[in-house]
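Content type PDB, C-alpha atoms, from the file final-v7.pdb:
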```pdb
ATOM      1  CA  TYR S   1      85.159 101.808 105.197
ATOM      2  CA  GLY S   2      88.838 102.021 106.103
ATOM      3  CA  PRO S   3      92.080 101.292 104.210
ATOM      4  CA  LYS S   4      93.440  97.751 104.343
ATOM      5  CA  GLU S   5      96.887  96.512 105.352
ATOM      6  CA  SER S   6      97.574  95.604 101.716
ATOM      7  CA  GLU S   7      97.440  99.346 101.007
ATOM      8  CA  LEU S   8      99.040 100.708 104.180
ATOM      9  CA  ASN S   9     101.800  98.091 104.655
ATOM     10  CA  LEU S  10     102.252  99.095 108.284
ATOM     11  CA  LEU S  11     103.628  95.721 109.373
ATOM     12  CA  GLY S  12     105.907  94.970 106.438
ATOM     13  CA  ASP S  13     107.147  91.436 105.860
ATOM     14  CA  VAL S  14     105.845  89.205 108.669
ATOM     15  CA  ARG S  15     107.693  86.048 107.607
ATOM     16  CA  GLY S  16     109.287  84.359 110.617
ATOM     17  CA  LYS S  17     107.939  86.972 113.048
ATOM     18  CA  ALA S  18     106.488  86.240 116.478
ATOM     19  CA  ILE S  19     103.113  88.001 116.566
ATOM     20  CA  LEU S  20     100.717  88.715 119.423
ATOM     21  CA  GLU S  21      97.063  89.533 118.768
ATOM     22  CA  VAL S  22      95.069  91.138 121.570
ATOM     23  CA  GLY S  23      91.401  90.318 121.138
ATOM     24  CA  CYS S  24      91.913  87.595 118.536
ATOM     25  CA  GLY S  25      88.210  86.780 118.207
ATOM     26  CA  SER S  26      87.492  83.935 115.829
ATOM     27  CA  GLY S  27      91.003  83.876 114.374
ATOM     28  CA  GLN S  28      90.794  85.538 110.956
ATOM     29  CA  THR S  29      93.675  87.907 111.638
ATOM     30  CA  LEU S  30      95.832  85.065 112.955
ATOM     31  CA  GLU S  31      94.982  83.150 109.787
ATOM     32  CA  TYR S  32      96.053  86.178 107.724
ATOM     33  CA  PHE S  33      99.476  86.174 109.411
ATOM     34  CA  ALA S  34      99.883  82.405 109.172
ATOM     35  CA  MET S  35      99.178  82.528 105.440
ATOM     36  CA  ARG S  36     101.959  85.108 105.088
ATOM     37  CA  GLY S  37     104.594  83.034 106.838
ATOM     38  CA  ALA S  38     104.571  84.224 110.434
ATOM     39  CA  GLY S  39     106.879  82.159 112.627
ATOM     40  CA  GLU S  40     104.792  82.013 115.803
ATOM     41  CA  LEU S  41     101.380  83.332 116.845
ATOM     42  CA  LEU S  42      99.676  84.000 120.161
ATOM     43  CA  GLY S  43      96.049  85.072 120.411
ATOM     44  CA  VAL S  44      94.441  86.460 123.559
ATOM     45  CA  ASP S  45      90.674  86.660 124.005
ATOM     46  CA  LEU S  46      88.270  86.562 126.957
ATOM     47  CA  SER S  47      85.785  84.294 125.148
ATOM     48  CA  SER S  48      86.325  80.541 125.261
ATOM     49  CA  LYS S  49      83.948  80.099 122.314
ATOM     50  CA  GLN S  50      85.892  82.586 120.199
ATOM     51  CA  ILE S  51      89.149  80.814 121.010
ATOM     52  CA  GLU S  52      87.569  77.456 120.172
ATOM     53  CA  THR S  53      86.604  78.812 116.751
ATOM     54  CA  ALA S  54      90.025  80.421 116.246
ATOM     55  CA  ARG S  55      91.776  77.101 116.928
ATOM     56  CA  LYS S  56      89.773  75.513 114.129
ATOM     57  CA  VAL S  57      90.451  78.392 111.739
ATOM     58  CA  VAL S  58      94.248  78.085 112.133
ATOM     59  CA  SER S  59      94.467  74.335 112.707
ATOM     60  CA  ARG S  60      95.825  73.632 109.221
ATOM     61  CA  PHE S  61      99.013  75.638 109.758
ATOM     62  CA  ASP S  62     102.180  73.881 110.886
ATOM     63  CA  ILE S  63     103.609  76.657 113.068
ATOM     64  CA  PRO S  64     103.403  77.270 116.830
ATOM     65  CA  ILE S  65     100.016  78.899 117.515
ATOM     66  CA  HIS S  66      98.984  79.460 121.125
ATOM     67  CA  PHE S  67      95.939  80.923 122.828
ATOM     68  CA  ILE S  68      95.308  82.544 126.198
ATOM     69  CA  GLU S  69      91.805  82.996 127.563
ATOM     70  CA  ALA S  70      91.877  86.186 129.615
ATOM     71  CA  PRO S  71      90.646  89.770 129.695
ATOM     72  CA  MET S  72      93.186  92.048 128.046
ATOM     73  CA  GLU S  73      93.653  93.920 131.338
ATOM     74  CA  GLU S  74      94.899  90.687 132.934
ATOM     75  CA  MET S  75      97.589  89.561 130.465
ATOM     76  CA  ASP S  76     100.270  89.366 133.169
ATOM     77  CA  MET S  77     101.199  85.884 131.943
ATOM     78  CA  LEU S  78     102.507  87.100 128.563
ATOM     79  CA  PRO S  79     106.198  86.286 128.086
ATOM     80  CA  GLU S  80     108.348  89.386 128.411
ATOM     81  CA  SER S  81     110.206  90.829 125.390
ATOM     82  CA  SER S  82     109.063  87.963 123.160
ATOM     83  CA  PHE S  83     107.134  89.426 120.215
ATOM     84  CA  ASP S  84     108.214  91.295 117.097
ATOM     85  CA  ILE S  85     104.695  92.559 116.396
ATOM     86  CA  ALA S  86     101.520  93.108 118.414
ATOM     87  CA  VAL S  87      98.174  93.929 116.841
ATOM     88  CA  SER S  88      94.637  94.599 118.017
ATOM     89  CA  MET S  89      91.954  94.823 115.350
ATOM     90  CA  PHE S  90      88.807  96.520 116.670
ATOM     91  CA  ALA S  91      89.373  95.125 120.153
ATOM     92  CA  LEU S  92      91.517  97.515 122.220
ATOM     93  CA  GLY S  93      88.645  99.948 122.807
ATOM     94  CA  TRP S  94      86.755  97.303 124.783
ATOM     95  CA  THR S  95      89.302  97.400 127.580
ATOM     96  CA  VAL S  96      88.121  98.699 130.940
ATOM     97  CA  ASN S  97      91.687  99.746 131.802
ATOM     98  CA  LEU S  98      93.548 101.158 128.819
ATOM     99  CA  GLU S  99      96.803 101.963 130.630
ATOM    100  CA  LYS S 100      97.100  98.506 132.175
ATOM    101  CA  THR S 101      96.378  96.789 128.867
ATOM    102  CA  LEU S 102      98.989  98.862 127.054
ATOM    103  CA  SER S 103     101.580  98.106 129.739
ATOM    104  CA  HIS S 104     101.114  94.355 129.156
ATOM    105  CA  ILE S 105     101.577  94.797 125.406
ATOM    106  CA  PHE S 106     104.644  97.003 125.897
ATOM    107  CA  LYS S 107     106.349  94.457 128.170
ATOM    108  CA  ALA S 108     105.594  91.592 125.772
ATOM    109  CA  LEU S 109     107.231  93.310 122.792
ATOM    110  CA  LYS S 110     110.902  93.082 121.945
ATOM    111  CA  SER S 111     112.914  96.274 121.623
ATOM    112  CA  GLU S 112     111.890  97.962 118.347
ATOM    113  CA  GLY S 113     108.781  95.762 118.317
ATOM    114  CA  ILE S 114     105.785  97.194 116.444
ATOM    115  CA  PHE S 115     102.288  97.703 117.845
ATOM    116  CA  VAL S 116      99.427  98.468 115.448
ATOM    117  CA  PHE S 117      95.806  98.784 116.470
ATOM    118  CA  THR S 118      92.573  99.873 114.862
ATOM    119  CA  TRP S 119      89.482 101.019 116.686
ATOM    120  CA  GLU S 120      86.254 102.796 115.921
ATOM    121  CA  HIS S 121      86.814 106.519 115.602
ATOM    122  CA  PRO S 122      85.622 108.147 118.845
ATOM    123  CA  ILE S 123      83.820 110.956 117.007
ATOM    124  CA  TYR S 124      82.091 108.572 114.612
ATOM    125  CA  SER S 125      80.766 106.603 117.600
ATOM    126  CA  LEU S 126      78.826 109.665 118.747
ATOM    127  CA  LEU S 127      77.138 110.314 115.398
ATOM    128  CA  ASP S 128      73.563 109.124 114.803
ATOM    129  CA  TYR S 129      71.194 109.365 111.879
ATOM    130  CA  ALA S 130      67.719 110.484 112.920
ATOM    131  CA  ASP S 131      64.868 112.469 111.366
ATOM    132  CA  GLY S 132      66.641 112.544 108.031
ATOM    133  CA  LYS S 133      69.885 114.047 109.269
ATOM    134  CA  LEU S 134      73.120 113.188 111.042
ATOM    135  CA  GLN S 135      73.533 114.571 114.523
ATOM    136  CA  PHE S 136      75.658 114.140 117.639
ATOM    137  CA  ARG S 137      73.958 112.332 120.501
ATOM    138  CA  LEU S 138      76.699 112.826 123.106
ATOM    139  CA  PRO S 139      79.433 115.449 123.630
ATOM    140  CA  TYR S 140      82.863 114.387 122.420
ATOM    141  CA  GLU S 141      84.623 116.142 125.286
ATOM    142  CA  THR S 142      83.009 114.043 128.026
ATOM    143  CA  GLU S 143      84.489 110.554 128.336
ATOM    144  CA  GLN S 144      81.940 108.070 129.558
ATOM    145  CA  PHE S 145      80.435 104.658 129.016
ATOM    146  CA  GLU S 146      76.997 103.437 127.987
ATOM    147  CA  TYR S 147      75.079 100.213 128.264
ATOM    148  CA  HIS S 148      73.880  98.892 124.909
ATOM    149  CA  GLU S 149      71.838  96.025 123.597
ATOM    150  CA  SER S 150      74.313  94.362 121.238
ATOM    151  CA  TRP S 151      73.568  92.664 117.941
ATOM    152  CA  ARG S 152      73.050  89.436 119.883
ATOM    153  CA  ALA S 153      70.711  91.054 122.393
ATOM    154  CA  VAL S 154      73.281  90.629 125.174
ATOM    155  CA  PRO S 155      73.938  93.835 127.141
ATOM    156  CA  ILE S 156      77.387  95.303 126.522
ATOM    157  CA  VAL S 157      79.282  98.319 127.817
ATOM    158  CA  MET S 158      80.700 100.806 125.309
ATOM    159  CA  HIS S 159      83.521 103.057 126.530
ATOM    160  CA  TYR S 160      83.918 106.430 124.846
ATOM    161  CA  ARG S 161      87.438 107.816 124.948
ATOM    162  CA  LYS S 162      88.864 110.782 123.078
ATOM    163  CA  LEU S 163      91.514 110.153 120.452
ATOM    164  CA  SER S 164      93.949 112.141 122.575
ATOM    165  CA  THR S 165      93.365 109.677 125.427
ATOM    166  CA  TYR S 166      94.679 106.803 123.311
ATOM    167  CA  ILE S 167      97.651 108.847 122.097
ATOM    168  CA  ASN S 168      98.602 110.088 125.559
ATOM    169  CA  ALA S 169      98.222 106.620 127.079
ATOM    170  CA  LEU S 170     100.602 105.202 124.469
ATOM    171  CA  ILE S 171     103.147 107.921 125.192
ATOM    172  CA  LYS S 172     102.839 107.446 128.961
ATOM    173  CA  THR S 173     103.412 103.698 128.550
ATOM    174  CA  GLY S 174     106.637 104.337 126.640
ATOM    175  CA  PHE S 175     105.595 103.788 123.033
ATOM    176  CA  VAL S 176     106.897 105.978 120.223
ATOM    177  CA  ILE S 177     104.052 106.881 117.849
ATOM    178  CA  ASP S 178     104.971 106.483 114.183
ATOM    179  CA  GLN S 179     101.720 107.043 112.344
ATOM    180  CA  LEU S 180      98.068 107.985 112.885
ATOM    181  CA  ILE S 181      95.664 107.137 110.085
ATOM    182  CA  GLU S 182      92.155 108.597 109.788
ATOM    183  CA  GLU S 183      91.050 107.715 106.277
ATOM    184  CA  THR S 184      87.878 106.480 104.612
ATOM    185  CA  ARG S 185      87.359 104.143 101.673
ATOM    186  CA  ILE S 186      83.781 104.011 100.345
ATOM    187  CA  PRO S 187      83.008 101.518  97.533
ATOM    188  CA  GLU S 188      81.410 103.124  94.480
ATOM    189  CA  ASN S 189      78.472 100.713  94.567
ATOM    190  CA  ASP S 190      77.730 101.191  98.277
ATOM    191  CA  THR S 191      73.983 101.181  98.948
ATOM    192  CA  SER S 192      73.998 101.118 102.742
ATOM    193  CA  LYS S 193      71.118 102.842 104.483
ATOM    194  CA  PRO S 194      72.156 105.984 106.388
ATOM    195  CA  GLU S 195      70.530 104.799 109.624
ATOM    196  CA  LYS S 196      72.853 101.802 109.803
ATOM    197  CA  TRP S 197      75.728 102.067 112.300
ATOM    198  CA  TYR S 198      78.258 101.714 109.490
ATOM    199  CA  SER S 199      77.003 103.562 106.423
ATOM    200  CA  ALA S 200      78.436 105.534 103.526
ATOM    201  CA  ALA S 201      76.439 108.572 104.639
ATOM    202  CA  LYS S 202      78.178 108.627 108.015
ATOM    203  CA  ALA S 203      81.551 107.655 106.545
ATOM    204  CA  ARG S 204      81.455 110.661 104.190
ATOM    205  CA  MET S 205      81.183 112.913 107.226
ATOM    206  CA  LEU S 206      83.735 111.241 109.506
ATOM    207  CA  PRO S 207      86.194 108.359 109.283
ATOM    208  CA  PRO S 208      84.598 105.286 110.916
ATOM    209  CA  SER S 209      87.930 104.113 112.337
ATOM    210  CA  PHE S 210      91.451 105.168 113.185
ATOM    211  CA  THR S 211      94.691 103.219 113.110
ATOM    212  CA  ILE S 212      97.837 103.914 115.104
ATOM    213  CA  LYS S 213     101.258 102.430 114.459
ATOM    214  CA  CYS S 214     103.847 102.745 117.219
ATOM    215  CA  HIS S 215     106.903 100.924 118.485
ATOM    216  CA  LYS S 216     108.787 100.058 121.648
ATOM    217  CA  PRO S 217     112.163 101.852 121.628
TER     218      PRO S 217
END
```
Please, can you express the file's structure as structure tokens?
Amino acid sequence: YGPKESELNLLGDVRGKAILEVGCGSGQTLEYFAMRGAGELLGVDLSSKQIETARKVVSRFDIPIHFIEAPMEEMDMLPESSFDIAVSMFALGWTVNLEKTLSHIFKALKSEGIFVFTWEHPIYSLLDYADGKLQFRLPYETEQFEYHESWRAVPIVMHYRKLSTYINALIKTGFVIDQLIEETRIPENDTSKPEKWYSAAKARMLPPSFTIKCHKP
């Protein structure tokens, strides 16, 4: 339910660029960059199975593509001042130490390097549909975490941080914020049920995600 890069054009022309993805998952974003002529790619993820899948997804491309298996808080091994672009698509919010993760990304970027990340909107995460209406289940002001049964029935920990926490952490790290995007795109033929986590009913009330573009001066 959010705008795509083809509309926003936050990254511009990626041809020949060295790109870092934090939380690369199964490699679709790396594939997107490879198809558009990126010069070198590095994906970081804590799951060996995700990295195994990502290797297969990008195996057909004849450019340097590397992977590091590590939690994003422990990316000390990233080469310093080496990347033109860093991205994190719906991954950064999983970190258990936001400031430490951002410091690794900052050090890995070249001067004037771009960092773009998207994460679930912190207000949207607190909105539930119950008894025929949308309602807040937790206060926005109180930052906390919850244990959840995930879609694979494996317990996960969800961290709830205010939007200002992300912005202030970026500033404290040294990033210059260029753009904050809180927009919604709902397809005309959407028939999602309102009780689903991602639904048109919830998206009409609040943007499901936010995107921040910033750079290293």
>> Once the PyMOL selection byres ((chain S and resi 55-71) around 7) is applied to the coordinates I shared, what remains selected? I want it as a VMD selection string.
In response: chain S and resid 27 31 34 39 to 48 51 to 54 72 to 75
>> Residues near S:Leu180, anyone? I mean within 9 Å using all atoms listed in the file, not counting same-chain ones fewer than 6 positions away, as a VMD selection string.
In response: chain S and resid 210 to 214
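Distances here use all atoms listed in the file; by that measure, the residue among S:Arg161, S:Lys193, S:Arg36, S:Lys216 closest to S:Ile177 is S:Lys216.
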>> Running the PyMOL selection byres ((chain S and resi 81) around 7) on this model by hand, what would come out? Give it as an MDAnalysis selection string.
In response: chainID S and resid 79:80 82:83 107:110
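Comparing S:Leu170, S:Leu134, S:Val176, S:Val116 by their smallest distance to S:Ala91, the closest is S:Val116 (using only C-alpha atoms).
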>> Could you tell me, as number ranges by chain, exactly which residues end up selected when the PyMOL selection byres ((chain S and resi 100) around 10) is applied to this structure?
In response: S: 72-76, 95-99, 101-106, 169, 173
